[in-house]
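Below is start.tsv, holding TSV, C-alpha atoms and all ligand atoms.
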chain	number	residue	atom	x	y	z
B	3	MET	CA	74.87	-78.36	91.60
B	4	ARG	CA	71.88	-78.26	93.89
B	5	GLU	CA	70.82	-81.33	95.75
B	6	GLY	CA	67.26	-81.19	96.95
B	7	ASN	CA	63.82	-82.59	96.73
B	8	SER	CA	61.91	-80.06	94.66
B	9	VAL	CA	61.09	-80.48	90.99
B	10	VAL	CA	59.42	-78.32	88.38
B	11	VAL	CA	57.54	-80.11	85.58
B	12	THR	CA	56.63	-77.78	82.72
B	13	GLY	CA	53.76	-79.13	80.65
B	14	GLY	CA	52.83	-81.02	83.81
B	15	ALA	CA	49.08	-80.98	83.12
B	16	GLY	CA	49.54	-82.74	79.77
B	17	PHE	CA	49.52	-86.44	78.97
B	18	LEU	CA	53.13	-87.31	79.82
B	19	GLY	CA	53.53	-84.47	82.33
B	20	SER	CA	50.65	-85.61	84.53
B	21	HIS	CA	52.03	-89.16	84.70
B	22	LEU	CA	55.46	-87.76	85.53
B	23	CYS	CA	54.05	-85.55	88.33
B	24	GLU	CA	52.30	-88.60	89.77
B	25	ARG	CA	55.45	-90.69	89.66
B	26	LEU	CA	57.60	-87.96	91.24
B	27	LEU	CA	55.08	-87.48	94.06
B	28	SER	CA	55.05	-91.20	94.72
B	29	ASP	CA	58.87	-91.02	94.90
B	30	GLY	CA	58.45	-88.45	97.72
B	31	ARG	CA	59.38	-85.36	95.70
B	32	GLU	CA	57.90	-81.86	95.94
B	33	VAL	CA	56.41	-81.03	92.57
B	34	VAL	CA	55.49	-77.72	90.97
B	35	CYS	CA	53.47	-78.33	87.83
B	36	VAL	CA	53.73	-75.39	85.41
B	37	ASP	CA	51.26	-75.34	82.52
B	38	ASN	CA	49.24	-72.87	80.45
B	39	PHE	CA	46.56	-75.50	79.66
B	40	PHE	CA	47.03	-75.14	75.90
B	41	THR	CA	46.60	-78.88	75.37
B	42	GLY	CA	46.79	-80.00	78.98
B	43	MET	CA	43.88	-80.07	81.37
B	44	ARG	CA	43.41	-79.28	85.01
B	45	ARG	CA	41.46	-82.54	85.18
B	46	ASN	CA	44.68	-84.49	84.47
B	47	VAL	CA	46.17	-83.39	87.78
B	48	GLU	CA	43.05	-82.69	89.83
B	49	HIS	CA	43.57	-85.87	91.87
B	50	LEU	CA	47.00	-84.56	92.90
B	51	LEU	CA	45.79	-81.22	94.25
B	52	THR	CA	45.14	-82.57	97.74
B	53	ASN	CA	48.76	-83.67	98.04
B	54	ARG	CA	50.66	-81.05	100.08
B	55	ARG	CA	53.80	-81.70	98.06
B	56	PHE	CA	52.02	-80.73	94.83
B	57	GLU	CA	51.46	-77.23	93.45
B	58	LEU	CA	49.77	-76.27	90.19
B	59	TYR	CA	50.91	-73.04	88.58
B	60	ARG	CA	49.24	-71.61	85.48
B	61	HIS	CA	52.01	-70.05	83.44
B	62	ASP	CA	53.20	-69.82	79.83
B	63	VAL	CA	56.87	-70.79	79.57
B	64	THR	CA	57.48	-68.27	76.78
B	65	PHE	CA	57.49	-65.74	79.65
B	66	PRO	CA	60.17	-65.69	82.35
B	67	LEU	CA	59.56	-67.82	85.41
B	68	TYR	CA	60.99	-66.99	88.80
B	69	LEU	CA	60.76	-69.61	91.52
B	70	GLU	CA	63.05	-71.91	93.51
B	71	THR	CA	63.63	-75.53	92.59
B	72	ASP	CA	66.32	-78.21	92.41
B	73	GLN	CA	65.42	-79.89	89.12
B	74	ILE	CA	63.42	-79.02	86.02
B	75	PHE	CA	61.73	-81.40	83.58
B	76	ASN	CA	60.90	-79.27	80.52
B	77	LEU	CA	57.93	-80.91	78.77
B	78	ALA	CA	55.86	-77.86	77.82
B	79	CYS	CA	54.95	-78.05	74.13
B	80	PRO	CA	51.91	-79.38	72.26
B	81	ALA	CA	52.87	-82.76	70.84
B	82	SER	CA	50.10	-83.75	68.47
B	83	PRO	CA	50.36	-82.47	64.87
B	84	ILE	CA	46.82	-81.04	64.82
B	85	HIS	CA	47.52	-79.05	67.99
B	86	TYR	CA	51.04	-77.89	67.23
B	87	GLN	CA	49.93	-76.83	63.74
B	88	ARG	CA	46.98	-74.81	65.08
B	89	ASP	CA	49.24	-71.92	66.13
B	90	PRO	CA	52.62	-72.81	64.61
B	91	VAL	CA	54.32	-69.55	65.60
B	92	GLN	CA	53.39	-70.16	69.23
B	93	THR	CA	54.70	-73.75	68.91
B	94	THR	CA	58.16	-72.56	67.90
B	95	LYS	CA	58.07	-69.89	70.61
B	96	THR	CA	57.15	-72.47	73.22
B	97	SER	CA	60.09	-74.66	72.29
B	98	VAL	CA	62.64	-71.89	71.79
B	99	HIS	CA	61.66	-69.09	74.20
B	100	GLY	CA	60.47	-71.74	76.64
B	101	ALA	CA	63.87	-73.45	76.53
B	102	ILE	CA	65.69	-70.11	76.99
B	103	ASN	CA	63.58	-69.20	80.01
B	104	MET	CA	63.85	-72.62	81.64
B	105	LEU	CA	67.61	-72.72	80.96
B	106	GLY	CA	67.88	-69.21	82.45
B	107	LEU	CA	66.01	-70.43	85.50
B	108	ALA	CA	68.27	-73.49	85.76
B	109	LYS	CA	71.36	-71.31	85.37
B	110	ARG	CA	70.35	-68.90	88.14
B	111	LEU	CA	69.57	-71.79	90.50
B	112	ARG	CA	72.33	-74.16	89.29
B	113	ALA	CA	69.52	-76.69	88.89
B	114	ARG	CA	69.67	-79.81	86.75
B	115	ILE	CA	67.39	-79.59	83.70
B	116	LEU	CA	65.98	-82.24	81.36
B	117	GLN	CA	64.59	-81.49	77.91
B	118	ALA	CA	61.79	-83.62	76.43
B	119	SER	CA	63.00	-83.69	72.85
B	120	THR	CA	61.54	-85.89	70.18
B	121	SER	CA	62.16	-88.44	67.45
B	122	GLU	CA	60.91	-85.68	65.13
B	123	VAL	CA	64.43	-84.23	65.23
B	124	TYR	CA	65.24	-87.11	62.84
B	125	GLY	CA	62.50	-85.95	60.43
B	126	ASP	CA	61.73	-88.42	57.63
B	127	PRO	CA	64.84	-90.51	58.31
B	128	GLU	CA	67.25	-92.19	55.88
B	129	VAL	CA	68.82	-94.14	58.77
B	130	HIS	CA	66.78	-96.97	60.18
B	131	PRO	CA	66.45	-97.63	63.08
B	132	GLN	CA	67.40	-94.16	64.26
B	133	THR	CA	70.56	-93.81	66.34
B	134	GLU	CA	71.41	-90.74	68.41
B	135	ASP	CA	74.35	-89.83	66.15
B	136	TYR	CA	72.08	-89.46	63.11
B	137	TRP	CA	71.58	-85.73	62.31
B	138	GLY	CA	68.15	-86.15	60.75
B	139	ARG	CA	66.32	-85.14	57.61
B	140	VAL	CA	63.96	-82.33	58.48
B	141	ASN	CA	62.22	-79.97	56.07
B	142	PRO	CA	62.82	-76.50	57.57
B	143	ILE	CA	59.77	-74.90	55.89
B	144	GLY	CA	57.07	-77.60	55.98
B	145	ILE	CA	53.97	-77.86	58.14
B	146	ARG	CA	55.76	-79.99	60.77
B	147	SER	CA	58.75	-77.63	60.95
B	148	CYS	CA	57.35	-75.43	63.74
B	149	TYR	CA	57.58	-78.46	65.99
B	150	ASP	CA	60.63	-80.25	64.55
B	151	GLU	CA	62.84	-77.19	64.15
B	152	GLY	CA	61.66	-75.73	67.46
B	153	LYS	CA	62.72	-78.93	69.19
B	154	ARG	CA	66.02	-79.02	67.29
B	155	CYS	CA	66.77	-75.43	68.31
B	156	ALA	CA	65.88	-76.28	71.92
B	157	GLU	CA	68.48	-79.08	71.80
B	158	THR	CA	71.03	-76.57	70.46
B	159	LEU	CA	70.26	-74.20	73.34
B	160	PHE	CA	70.62	-77.00	75.88
B	161	PHE	CA	74.01	-77.98	74.50
B	162	ASP	CA	75.20	-74.36	74.34
B	163	TYR	CA	74.15	-73.70	77.95
B	164	TYR	CA	76.06	-76.85	78.83
B	165	ARG	CA	79.20	-75.76	76.95
B	166	GLN	CA	79.01	-72.06	77.77
B	167	HIS	CA	77.57	-72.06	81.30
B	168	ARG	CA	78.43	-75.61	82.47
B	169	LEU	CA	74.78	-76.34	83.18
B	170	GLU	CA	73.81	-79.88	84.10
B	171	ILE	CA	71.62	-80.84	81.17
B	172	LYS	CA	69.86	-84.05	80.09
B	173	VAL	CA	68.31	-84.44	76.65
B	174	VAL	CA	65.95	-87.31	75.81
B	175	ARG	CA	64.44	-87.97	72.40
B	176	ILE	CA	61.00	-89.42	72.98
B	177	PHE	CA	59.43	-91.68	70.36
B	178	ASN	CA	55.64	-92.12	69.97
B	179	THR	CA	54.18	-92.75	73.40
B	180	TYR	CA	50.57	-93.61	74.22
B	181	GLY	CA	48.41	-94.59	77.16
B	182	PRO	CA	45.63	-93.51	79.51
B	183	ARG	CA	45.02	-89.76	79.85
B	184	MET	CA	45.67	-88.96	76.21
B	185	HIS	CA	43.06	-86.41	75.24
B	186	PRO	CA	40.19	-88.07	73.30
B	187	SER	CA	40.49	-85.39	70.60
B	188	ASP	CA	44.26	-85.22	70.85
B	189	GLY	CA	44.54	-86.23	67.19
B	190	ARG	CA	47.34	-88.76	67.56
B	191	VAL	CA	46.89	-92.09	65.93
B	192	VAL	CA	46.41	-94.37	68.95
B	193	SER	CA	43.78	-92.19	70.62
B	194	ASN	CA	42.04	-91.48	67.29
B	195	PHE	CA	41.76	-95.17	66.35
B	196	ILE	CA	40.54	-96.24	69.79
B	197	VAL	CA	37.97	-93.47	70.13
B	198	GLU	CA	36.69	-94.10	66.59
B	199	ALA	CA	36.49	-97.85	67.18
B	200	LEU	CA	34.64	-97.44	70.49
B	201	ARG	CA	32.16	-95.03	68.93
B	202	GLY	CA	31.65	-97.30	65.91
B	203	GLU	CA	32.87	-94.54	63.58
B	204	ASP	CA	35.11	-95.14	60.57
B	205	ILE	CA	38.81	-95.52	61.40
B	206	THR	CA	40.73	-93.13	59.18
B	207	ILE	CA	44.16	-94.14	57.98
B	208	TYR	CA	46.19	-91.36	56.41
B	209	GLY	CA	47.99	-92.53	53.26
B	210	ASP	CA	48.15	-96.25	52.49
B	211	GLY	CA	48.80	-97.27	56.11
B	212	GLN	CA	52.20	-98.77	55.31
B	213	GLN	CA	54.03	-96.04	57.25
B	214	THR	CA	55.41	-97.30	60.56
B	215	ARG	CA	55.75	-96.08	64.12
B	216	SER	CA	57.05	-97.74	67.30
B	217	PHE	CA	54.73	-97.23	70.24
B	218	CYS	CA	55.92	-96.97	73.82
B	219	TYR	CA	53.55	-97.36	76.77
B	220	VAL	CA	53.49	-94.32	79.02
B	221	ASP	CA	54.67	-96.05	82.24
B	222	ASP	CA	57.82	-97.28	80.49
B	223	LEU	CA	58.55	-93.84	79.13
B	224	ILE	CA	58.11	-92.11	82.49
B	225	ASP	CA	60.50	-94.59	84.09
B	226	GLY	CA	63.04	-93.70	81.39
B	227	LEU	CA	62.68	-89.97	82.10
B	228	VAL	CA	63.21	-90.45	85.83
B	229	ARG	CA	66.21	-92.70	85.26
B	230	MET	CA	67.76	-90.19	82.86
B	231	MET	CA	67.39	-87.36	85.38
B	232	GLY	CA	69.22	-89.53	87.93
B	233	THR	CA	72.26	-90.36	85.77
B	234	PRO	CA	75.73	-89.00	86.65
B	235	ALA	CA	76.43	-85.41	85.56
B	236	ASP	CA	78.67	-86.45	82.69
B	237	PHE	CA	75.89	-88.31	80.88
B	238	ILE	CA	73.87	-85.65	79.09
B	239	GLY	CA	72.45	-87.50	76.09
B	240	PRO	CA	70.81	-87.11	73.73
B	241	VAL	CA	69.33	-90.51	74.39
B	242	ASN	CA	66.46	-92.19	72.55
B	243	LEU	CA	63.53	-93.38	74.67
B	244	GLY	CA	60.95	-95.51	72.94
B	245	ASN	CA	59.79	-99.02	72.25
B	246	PRO	CA	61.72	-100.54	69.34
B	247	THR	CA	58.90	-102.81	68.14
B	248	GLU	CA	57.70	-101.32	64.87
B	249	PHE	CA	54.15	-101.50	63.49
B	250	SER	CA	52.44	-100.18	60.38
B	251	MET	CA	49.31	-98.06	60.81
B	252	LEU	CA	47.34	-100.84	59.10
B	253	GLU	CA	48.50	-103.32	61.74
B	254	LEU	CA	47.63	-100.85	64.47
B	255	ALA	CA	44.12	-100.39	63.08
B	256	GLU	CA	43.60	-104.18	62.95
B	257	ARG	CA	44.70	-104.59	66.56
B	258	VAL	CA	42.48	-101.79	67.79
B	259	LEU	CA	39.50	-103.25	65.93
B	260	ARG	CA	40.13	-106.66	67.46
B	261	LEU	CA	40.65	-105.39	71.02
B	262	THR	CA	37.54	-103.23	70.92
B	263	ALA	CA	35.48	-105.87	69.07
B	264	SER	CA	34.37	-102.96	66.93
B	265	LYS	CA	32.50	-103.09	63.65
B	266	SER	CA	34.04	-99.82	62.47
B	267	LYS	CA	35.23	-99.74	58.87
B	268	VAL	CA	38.74	-98.69	57.88
B	269	VAL	CA	38.78	-95.77	55.43
B	270	PHE	CA	41.67	-93.92	53.85
B	271	ALA	CA	42.43	-90.19	53.67
B	272	PRO	CA	45.35	-88.29	52.09
B	273	LEU	CA	48.68	-88.40	53.89
B	274	PRO	CA	49.56	-85.03	55.50
B	275	GLY	CA	52.72	-83.23	54.32
B	276	ASP	CA	56.15	-84.46	55.52
B	277	ASP	CA	54.64	-87.43	57.38
B	278	PRO	CA	57.66	-89.67	58.20
B	279	ARG	CA	57.48	-93.07	56.49
B	280	ARG	CA	59.29	-95.09	59.12
B	281	ARG	CA	60.26	-94.60	62.72
B	282	GLN	CA	61.98	-96.95	65.11
B	283	PRO	CA	64.31	-96.10	67.98
B	284	GLU	CA	67.69	-97.73	68.44
B	285	ILE	CA	67.88	-97.94	72.25
B	286	SER	CA	71.29	-99.49	73.05
B	287	LEU	CA	72.42	-96.25	74.68
B	288	ALA	CA	69.41	-96.21	77.03
B	289	ARG	CA	69.96	-99.91	77.77
B	290	ASP	CA	73.63	-99.28	78.65
B	291	GLN	CA	73.42	-95.97	80.48
B	292	LEU	CA	69.98	-96.07	82.08
B	293	LYS	CA	69.61	-99.84	82.43
B	294	TRP	CA	66.25	-99.20	80.80
B	295	GLU	CA	64.12	-100.90	78.25
B	296	PRO	CA	60.36	-101.00	77.69
B	297	ARG	CA	58.46	-103.76	79.46
B	298	VAL	CA	54.91	-103.29	78.21
B	299	GLY	CA	54.11	-104.67	74.77
B	300	LEU	CA	51.60	-103.09	72.40
B	301	GLU	CA	48.87	-105.64	73.16
B	302	ASP	CA	48.90	-105.03	76.93
B	303	GLY	CA	49.37	-101.29	76.57
B	304	LEU	CA	46.49	-101.02	74.11
B	305	LYS	CA	44.24	-103.01	76.46
B	306	GLU	CA	44.89	-100.48	79.26
B	307	THR	CA	44.32	-97.59	76.90
B	308	VAL	CA	41.12	-99.06	75.46
B	309	ALA	CA	39.83	-99.60	79.01
B	310	TYR	CA	40.64	-95.98	79.86
B	311	PHE	CA	38.80	-94.57	76.83
B	312	HIS	CA	35.91	-96.96	77.40
B	313	ARG	CA	35.46	-95.51	80.91
B	314	LEU	CA	35.95	-91.95	79.68
B	315	LEU	CA	33.39	-92.21	76.89
B	316	ASN	CA	30.84	-93.88	79.16
B	317	THR	CA	30.95	-91.34	81.99
O	401	LIG	P1	50.53	-82.82	75.68
O	401	LIG	O1	50.07	-81.90	74.60
O	401	LIG	O2	49.54	-83.68	76.35
O	401	LIG	O3	51.30	-82.00	76.81
O	401	LIG	C1	51.98	-80.81	76.60
O	401	LIG	C2	51.69	-79.87	77.77
O	401	LIG	O4	52.41	-78.65	77.59
O	401	LIG	C3	50.21	-79.51	77.87
O	401	LIG	O5	49.77	-79.66	79.19
O	401	LIG	C4	50.18	-78.05	77.43
O	401	LIG	O6	49.10	-77.34	77.98
O	401	LIG	C5	51.54	-77.57	77.89
O	401	LIG	N1	52.01	-76.39	77.18
O	401	LIG	C6	52.01	-76.16	75.85
O	401	LIG	N2	52.52	-74.96	75.58
O	401	LIG	C7	52.86	-74.39	76.78
O	401	LIG	C8	53.43	-73.16	77.17
O	401	LIG	N3	53.76	-72.23	76.26
O	401	LIG	N4	53.61	-72.92	78.49
O	401	LIG	C9	53.27	-73.85	79.42
O	401	LIG	N5	52.73	-75.05	79.10
O	401	LIG	C10	52.53	-75.31	77.80
O	401	LIG	O7	51.70	-83.70	75.03
O	401	LIG	P2	52.56	-84.88	75.65
O	401	LIG	O8	52.39	-86.05	74.78
O	401	LIG	O9	52.33	-85.02	77.09
O	401	LIG	O10	54.03	-84.31	75.40
O	401	LIG	C11	54.84	-83.80	76.44
O	401	LIG	C12	56.23	-83.48	75.91
O	401	LIG	O11	56.83	-84.67	75.41
O	401	LIG	C13	56.22	-82.47	74.76
O	401	LIG	O12	57.33	-81.61	74.91
O	401	LIG	C14	56.40	-83.32	73.54
O	401	LIG	O13	57.03	-82.62	72.51
O	401	LIG	C15	57.26	-84.46	74.07
O	401	LIG	N6	57.08	-85.68	73.26
O	401	LIG	C16	55.95	-86.44	73.39
O	401	LIG	C17	55.80	-87.55	72.58
O	401	LIG	C18	54.60	-88.46	72.69
O	401	LIG	O14	54.48	-89.40	71.90
O	401	LIG	N7	53.70	-88.29	73.63
O	401	LIG	C19	56.79	-87.90	71.64
O	401	LIG	C20	57.89	-87.07	71.53
O	401	LIG	C21	58.04	-85.97	72.36
O	402	LIG	N1	64.97	-66.38	83.37
O	402	LIG	C1	63.85	-66.88	84.01
O	402	LIG	N2	63.95	-67.20	85.33
O	402	LIG	C2	65.11	-67.05	86.04
O	402	LIG	C3	66.24	-66.56	85.36
O	402	LIG	C4	66.14	-66.22	84.03
O	402	LIG	O1	62.79	-67.03	83.42
O	402	LIG	O2	65.11	-67.37	87.22
O	402	LIG	C5	64.86	-66.05	81.95
O	402	LIG	C6	65.23	-64.60	81.69
O	402	LIG	O3	64.04	-63.90	81.37
O	402	LIG	C7	66.15	-64.63	80.51
O	402	LIG	C8	66.29	-66.11	80.16
O	402	LIG	O4	65.78	-66.83	81.25
O	402	LIG	O5	65.60	-63.99	79.40
O	402	LIG	C9	67.72	-66.52	79.90
O	402	LIG	O6	68.47	-66.25	81.06
O	402	LIG	P1	70.04	-66.06	80.99
O	402	LIG	O7	70.53	-65.73	82.36
O	402	LIG	O8	70.66	-67.21	80.32
O	402	LIG	O9	70.22	-64.87	79.97
O	402	LIG	P2	70.15	-63.31	80.13
O	402	LIG	O10	69.26	-62.97	81.30
O	402	LIG	O11	71.56	-62.91	80.34
O	402	LIG	O12	69.59	-62.87	78.83
O	403	LIG	N1	47.53	-91.23	61.44
O	403	LIG	C1	46.47	-91.90	60.85
O	403	LIG	N2	45.20	-91.65	61.31
O	403	LIG	C2	44.94	-90.80	62.32
O	403	LIG	C3	46.03	-90.12	62.94
O	403	LIG	C4	47.31	-90.36	62.47
O	403	LIG	O1	46.65	-92.71	59.94
O	403	LIG	O2	43.77	-90.64	62.70
O	403	LIG	C5	48.91	-91.53	60.98
O	403	LIG	C6	49.78	-90.31	60.72
O	403	LIG	O3	49.64	-89.86	59.39
O	403	LIG	C7	51.17	-90.87	60.99
O	403	LIG	C8	50.94	-91.90	62.09
O	403	LIG	O4	49.54	-92.23	62.04
O	403	LIG	O5	51.66	-91.52	59.86
O	403	LIG	C9	51.28	-91.40	63.49
O	403	LIG	O6	50.62	-90.17	63.69
O	403	LIG	P1	50.69	-89.35	65.04
O	403	LIG	O7	50.06	-88.02	64.79
O	403	LIG	O8	50.15	-90.17	66.15
O	403	LIG	O9	52.23	-89.18	65.35
O	403	LIG	P2	53.50	-88.66	64.51
O	403	LIG	O10	53.15	-88.58	63.06
O	403	LIG	O11	53.84	-87.34	65.08
O	403	LIG	O12	54.51	-89.71	64.76

Structure rendered as structure tokens:
Amino acid sequence: MREGNSVVVTGGAGFLGSHLCERLLSDGREVVCVDNFFTGMRRNVEHLLTNRRFELYRHDVTFPLYLETDQIFNLACPASPIHYQRDPVQTTKTSVHGAINMLGLAKRLRARILQASTSEVYGDPEVHPQTEDYWGRVNPIGIRSCYDEGKRCAETLFFDYYRQHRLEIKVVRIFNTYGPRMHPSDGRVVSNFIVEALRGEDITIYGDGQQTRSFCYVDDLIDGLVRMMGTPADFIGPVNLGNPTEFSMLELAERVLRLTASKSKVVFAPLPGDDPRRRQPEISLARDQLKWEPRVGLEDGLKETVAYFHRLLNT
């Protein structure tokens, strides 16, 4: 396998990707950020453009990519339901064709490659909390399937390139992550609630608000990704990365209202199809193998995120 300093981050102009690029640059790496700006923004990485070790490359990963690098973090894929459902065929293509192209690139270069998979591979789970050996309960034909099944197929491709071509792969299953630089109209629950609260608009809970998620602060997650990439070749995952503290959407709304001192009202709207009822990562594997666990609790993470959106909405 190659040993070198250069890294490709696909989806690098997105929420997680831009934080990852920043972290890798501060670790002294040379970073090529590859993004087609579907949900990402040039603005997310603009402050990195003056760094000589950073390069921004506009490219859609469903098309082949020829360049030289030592490692690849494959994050390209819209992550918010409203965005990945806008062009569902493209979403599946991004996960599947994107994985094939990035694996082909890794194979030609003998580069190590990490896949940003998702807790959505567990679907609406019968096992709680979710462990990596659980195979999941995913509807193959529902409105979330373009994302869930695309990501599942990408995992299959990673494992087959590992078995068939002896590629050095790493697969992480990311659970709900939030923080500064989420897009204000990203559509995910944390950004929606904060933006609505700051604007004094109604906070909309889908369903009865009893469904749960476990929210990880972005800095913790990025540290997990970097640690995973640095593990010995025989540890390939999949490994869950997320914060195991579980909250209902009602509790989240209450916290956001309190932290923003907002007078917004909470209103209810119908639950979208196939919305998972519960989600909580079991992270013993990450604790053992990566010596990793989240450090930032929801209260502190929300404060940072509220401050970010406050600045954004007032500039
Ligand atoms: P995001 O939408 O902010 O970032 C995704 C990036 O990928 C964007 O910059 C987008 O423009 C880019 N992209 C999309 N399609 C592309 C294509 N065909 N070619 C090149 N670039 C493309 O979302 P995010 O939250 O930063 O998610 C990053 C990755 O992490 C995704 O793969 C997502 O599935 C995974 N993930 C995120 C979460 C989370 O809670 N944030 C949870 C699980 C998994
Ligand atoms: N590929 C790429 N960059 C490379 C090498 C390959 O984008 O540097 C793409 C190529 O277009 C191919 C895919 O990756 O379709 C899979 O490559 P692989 O070598 O596994 O398969 P093959 O070329 O034999 O179909
Ligand atoms: N949700 C909500 N109001 C919103 C956005 C989302 O109540 O404005 C709910 C959504 O139905 C889901 C949970 O919050 O039950 C998390 O949604 P998100 O889209 O952030 O992530 P995912 O469902 O992919 O975990």

Contacts of Leu254 (chain B) at 9 Å or less, counting all atoms listed in the file, minus same-chain residues fewer than 4 places along, as a PyMOL selection string? chain B and resi 191-192+195+249-250+258-259

Of the residues B:Ala288, B:Val47, B:Thr64, B:Ala255, which is the one nearest to Val197 (chain B), using all atoms listed in the file?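 The shortest atom-to-atom distance to Val197 (chain B) comes from B:Ala255.
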
Counting all atoms listed in the file, figure out which residue out of B:Asn103, B:Ser20, B:Thr41, B:Ser97 gets nearest to ligand LIG 402 (chain O). B:Asn103

CA of Tyr149 (chain B) to CA of Arg257 (chain B), straight-line distance in Å: 29.1 Å

Work out how far apart CA of Ala108 (chain B) and CA of His167 (chain B) are and give it in Å to one decimal.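 Value for the CA of Ala108 (chain B)-CA of His167 (chain B) distance: 10.4 Å.
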
Could you list, as a ChimeraX atom specification, all residues that come within 6 Å of ligand LIG 402 (chain O)? Count all atoms listed in the file. /B:66-68,102-104,106-107,110

With only C-alpha atoms and all ligand atoms counted, collect every polymer residue having an atom within 7 Å of ligand LIG 401 (chain O); state the result as a ChimeraX atom specification. /B:12-19,36-43,61-64,77-82,96,100,118-121,175-180,184

Expressed in Å, the length from CA of Ala199 (chain B) to CA of Lys265 (chain B) is 7.5 Å

Considering all atoms listed in the file, return as a list in words whatever protein or nucleic-acid residues lie within 6 Å of Ile115 (chain B), sequence-local ones (same chain, fewer than 5 positions apart) excluded.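 Counting only the stated atoms, we get Gln73, Ile74, Phe75 and Ile171 of chain B.
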
Could you save those same residues with C-alpha atoms as a short mmCIF file (atom, residue, chain, number, x, y, z; two decimals), keeping the file's coordinate frame?
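In the end it all went to again33.cif:
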data_model
loop_
_atom_site.label_atom_id
_atom_site.label_comp_id
_atom_site.auth_asym_id
_atom_site.auth_seq_id
_atom_site.Cartn_x
_atom_site.Cartn_y
_atom_site.Cartn_z
CA GLN B 73 65.42 -79.89 89.12
CA ILE B 74 63.42 -79.02 86.02
CA PHE B 75 61.73 -81.40 83.58
CA ILE B 171 71.62 -80.84 81.17
#

Taking all atoms listed in the file into account, name the residue in B:Phe311, B:Phe65, B:Phe160, B:Tyr86 that is nearest to ligand LIG 403 (chain O).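 Closest to ligand LIG 403 (chain O) of all the choices is B:Tyr86.
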
Env. residues ligand LIG 403 (chain O) / 7 Å / only C-alpha atoms and all ligand atoms / as an MDAnalysis selection string: chainID B and resid 82:83 178 189:192 194:195 206:209 211 213:215 251 273:274 277:279

Since the input lacks some atoms of region 133-146 of chain B, please model N, CA and C atoms and print them as a PDB file, keeping the file's coordinate frame.
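Listing of out.pdb after writing:
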ATOM      1  N   THR B 133      69.582 -93.868  65.241  1.00  0.00           N
ATOM      2  CA  THR B 133      70.560 -93.810  66.340  1.00  0.00           C
ATOM      3  C   THR B 133      70.775 -92.344  66.713  1.00  0.00           C
ATOM      4  N   GLU B 134      71.281 -92.117  67.924  1.00  0.00           N
ATOM      5  CA  GLU B 134      71.410 -90.740  68.410  1.00  0.00           C
ATOM      6  C   GLU B 134      72.410 -89.925  67.601  1.00  0.00           C
ATOM      7  N   ASP B 135      73.360 -90.601  66.918  1.00  0.00           N
ATOM      8  CA  ASP B 135      74.350 -89.830  66.150  1.00  0.00           C
ATOM      9  C   ASP B 135      73.855 -89.452  64.760  1.00  0.00           C
ATOM     10  N   TYR B 136      72.650 -89.845  64.403  1.00  0.00           N
ATOM     11  CA  TYR B 136      72.080 -89.460  63.110  1.00  0.00           C
ATOM     12  C   TYR B 136      71.557 -88.025  63.210  1.00  0.00           C
ATOM     13  N   TRP B 137      71.920 -87.160  62.223  1.00  0.00           N
ATOM     14  CA  TRP B 137      71.580 -85.730  62.310  1.00  0.00           C
ATOM     15  C   TRP B 137      70.178 -85.412  61.800  1.00  0.00           C
ATOM     16  N   GLY B 138      69.553 -86.354  61.125  1.00  0.00           N
ATOM     17  CA  GLY B 138      68.150 -86.150  60.750  1.00  0.00           C
ATOM     18  C   GLY B 138      67.948 -85.567  59.363  1.00  0.00           C
ATOM     19  N   ARG B 139      66.702 -85.642  58.937  1.00  0.00           N
ATOM     20  CA  ARG B 139      66.320 -85.140  57.610  1.00  0.00           C
ATOM     21  C   ARG B 139      64.997 -84.397  57.778  1.00  0.00           C
ATOM     22  N   VAL B 140      65.140 -83.133  58.152  1.00  0.00           N
ATOM     23  CA  VAL B 140      63.960 -82.330  58.480  1.00  0.00           C
ATOM     24  C   VAL B 140      63.782 -81.228  57.440  1.00  0.00           C
ATOM     25  N   ASN B 141      62.555 -81.080  56.954  1.00  0.00           N
ATOM     26  CA  ASN B 141      62.220 -79.970  56.070  1.00  0.00           C
ATOM     27  C   ASN B 141      62.081 -78.711  56.944  1.00  0.00           C
ATOM     28  N   PRO B 142      62.896 -77.680  56.687  1.00  0.00           N
ATOM     29  CA  PRO B 142      62.820 -76.500  57.570  1.00  0.00           C
ATOM     30  C   PRO B 142      61.615 -75.598  57.315  1.00  0.00           C
ATOM     31  N   ILE B 143      60.864 -75.831  56.218  1.00  0.00           N
ATOM     32  CA  ILE B 143      59.770 -74.900  55.890  1.00  0.00           C
ATOM     33  C   ILE B 143      58.417 -75.607  55.723  1.00  0.00           C
ATOM     34  N   GLY B 144      58.331 -76.856  56.140  1.00  0.00           N
ATOM     35  CA  GLY B 144      57.070 -77.600  55.980  1.00  0.00           C
ATOM     36  C   GLY B 144      56.124 -77.386  57.152  1.00  0.00           C
ATOM     37  N   ILE B 145      54.986 -78.083  57.105  1.00  0.00           N
ATOM     38  CA  ILE B 145      53.970 -77.860  58.140  1.00  0.00           C
ATOM     39  C   ILE B 145      54.349 -78.488  59.490  1.00  0.00           C
ATOM     40  N   ARG B 146      55.319 -79.419  59.493  1.00  0.00           N
ATOM     41  CA  ARG B 146      55.760 -79.990  60.770  1.00  0.00           C
ATOM     42  C   ARG B 146      56.953 -79.230  61.351  1.00  0.00           C
TER      43      ARG B 146
END
